[in-house]
Amino acid sequence: MRVAYLIDRDSIGGGMEYIRRKIAARPADECRVFFSARGECSPRQMNVWGAEEIVVNHLKALLQLLGNPLKRPQGRVTFVVHGIHLRKYESWMPGFWLRRGLEAWLYHRCDRIVALTPTDHDDILRLYGRGLKVDVEPNTLDGWTATLADSLPEGIKGPFKYLCVGRFDYQKGQDRWIGEISKKEKGKSKKCGGRTLFIGEGPTLAECKRLAEKLGVEDLCVFAGAIPKAERYLKCAEAVVSPSRWEGMPYLMMKARALGCRILATDCPGNRDVLAGYEKWEKLEL
């Protein structure tokens, strides 16, 4: 069978991680990845390649595939709704209802919808219509082998009490953790004394650095930038921190739990699904 995986762009993250695992689980099928940023996700492209099954992982790719009501690919279309995007656009955003209506129309044009968690399943039906066929297929760590580094990344000196790994973005909430560090220093909080190692890049990185300086806690915040396979360093601190405002089904929390790490994380969708019942999870109220 020819299986096409459609995604926004070639980038490191949960979307590509999901696709890699799906392809690895189908050794007998001919699989190929197409990117909407390159204009590769059109119905014509799918038909020319002969896609029998089309798995879409981002809304831009789905719009490119099904946005024309007069055209449709021959293959069966499955859309994987990632919780990180499901909750990204809230009612306060301009054009919220227009976007929500477009999403609902596209979802109902799919043959199948996949949610990664029960929470996402319920939210999809609530937001986009009870008539949708939605299946739950959780992410897993099948095939993942932990390879931990013996030391910190080059140029980074410990010790660290906390490790915060993730793309710097409003959703990830690194700014909230920096604020909590400041409260601790001012005696208003007892949650986070000690240095934090931040690994990652993104649009809010410069803003977070300025915030740390403004609050006078830059000596407690070490920004290492992007580091390949950052999960190797999950044991380099006393606790792993996830101050996210919302999540999809976070691989990092799955890996930290698998390694038995102490975890400080917000009780938000995504984190809640992965960490439920984990004794070493301390809920963050930020």
# chains A, B, ... in the order shown; residues from 1 in each chain; ligands from 1
$ select_by_dssp --residues "region 37-286 of chain A" --states "strand (DSSP E)" --output "VMD selection string"
chain A and resid 53 to 56 76 to 81 112 to 115 134 to 136 160 to 165 196 to 199 221 to 223 237 to 242 263 to 266 281 to 284
$ select_by_dssp --residues "region 58-240 of chain A" --states "helix (DSSP H, G or I)" --output "CSV table (one decimal) with C-alpha atoms, in the first residue's frame"
chain,number,residue,atom,x,y,z
A,59,LEU,CA,-4.0,22.1,9.2
A,60,LYS,CA,-2.1,23.9,6.5
A,61,ALA,CA,-1.5,20.6,4.8
A,62,LEU,CA,-5.2,19.6,5.2
A,63,LEU,CA,-6.3,22.9,3.7
A,64,GLN,CA,-4.0,22.4,0.7
A,65,LEU,CA,-5.4,18.9,0.3
A,66,LEU,CA,-9.2,19.5,0.8
A,83,GLY,CA,-3.7,18.9,21.0
A,84,ILE,CA,-1.0,21.5,20.9
A,85,HIS,CA,-2.8,23.0,17.9
A,86,LEU,CA,-6.3,22.2,19.0
A,96,PHE,CA,-11.6,32.9,15.8
A,97,TRP,CA,-15.0,31.9,14.5
A,98,LEU,CA,-14.0,32.0,10.9
A,99,ARG,CA,-11.1,29.7,11.6
A,100,ARG,CA,-13.2,27.3,13.8
A,101,GLY,CA,-15.8,27.1,11.0
A,102,LEU,CA,-13.1,26.3,8.4
A,103,GLU,CA,-11.6,23.6,10.6
A,104,ALA,CA,-15.0,22.0,11.2
A,105,TRP,CA,-15.7,22.0,7.4
A,106,LEU,CA,-12.3,20.4,6.7
A,107,TYR,CA,-12.7,17.8,9.5
A,108,HIS,CA,-16.0,16.7,8.1
A,109,ARG,CA,-14.5,16.2,4.6
A,118,PRO,CA,-9.1,10.9,25.4
A,119,THR,CA,-9.1,14.6,26.4
A,120,ASP,CA,-8.5,15.6,22.7
A,121,HIS,CA,-11.2,13.2,21.6
A,122,ASP,CA,-13.8,14.8,23.8
A,123,ASP,CA,-12.8,18.3,22.8
A,124,ILE,CA,-12.9,17.5,19.1
A,125,LEU,CA,-16.5,16.2,19.4
A,126,ARG,CA,-17.5,19.2,21.5
A,127,LEU,CA,-15.9,21.8,19.2
A,128,TYR,CA,-16.4,20.3,15.8
A,170,TYR,CA,4.0,31.2,24.4
A,171,GLN,CA,2.4,27.7,24.6
A,172,LYS,CA,5.4,26.3,26.4
A,174,GLN,CA,9.0,29.3,30.0
A,175,ASP,CA,8.2,32.9,30.9
A,176,ARG,CA,5.9,31.6,33.7
A,177,TRP,CA,8.7,29.5,35.2
A,178,ILE,CA,11.1,32.5,35.1
A,179,GLY,CA,8.5,34.5,37.0
A,180,GLU,CA,8.3,31.7,39.6
A,181,ILE,CA,12.1,31.8,40.0
A,182,SER,CA,11.8,35.5,40.7
A,183,LYS,CA,9.0,34.9,43.3
A,184,LYS,CA,11.2,32.4,45.1
A,185,GLU,CA,14.1,34.9,45.3
A,205,LEU,CA,13.7,33.0,23.6
A,206,ALA,CA,15.0,36.6,23.4
A,207,GLU,CA,11.9,37.8,25.4
A,208,CYS,CA,12.6,35.2,28.1
A,209,LYS,CA,16.2,36.3,28.4
A,210,ARG,CA,15.1,39.9,28.8
A,211,LEU,CA,12.6,38.8,31.4
A,212,ALA,CA,15.2,37.0,33.4
A,213,GLU,CA,17.4,40.1,33.3
A,214,LYS,CA,14.5,42.4,34.2
A,218,GLU,CA,19.7,35.8,35.0
A,219,ASP,CA,22.3,34.0,37.1
A,220,LEU,CA,19.7,31.3,37.9
A,230,ALA,CA,18.1,16.9,24.3
A,231,GLU,CA,16.5,14.0,26.1
A,232,ARG,CA,20.0,12.6,26.8
A,233,TYR,CA,20.2,15.3,29.5
$ closest_residue --among "A:Pro269, A:Gly277, A:Pro153, A:Gly158" --to "Gly225 (chain A)" --atoms "only C-alpha atoms"
A:Pro153
$ atom_distance --atom1 "CA of Leu275 (chain A)" --atom2 "CA of Arg245 (chain A)"
15.3 Å
$ residues_around --residues "Thr117 (chain A)" --least-positions-apart "6" --cutoff "12 Å" --atoms "only C-alpha atoms" --output "count of residues only"
25
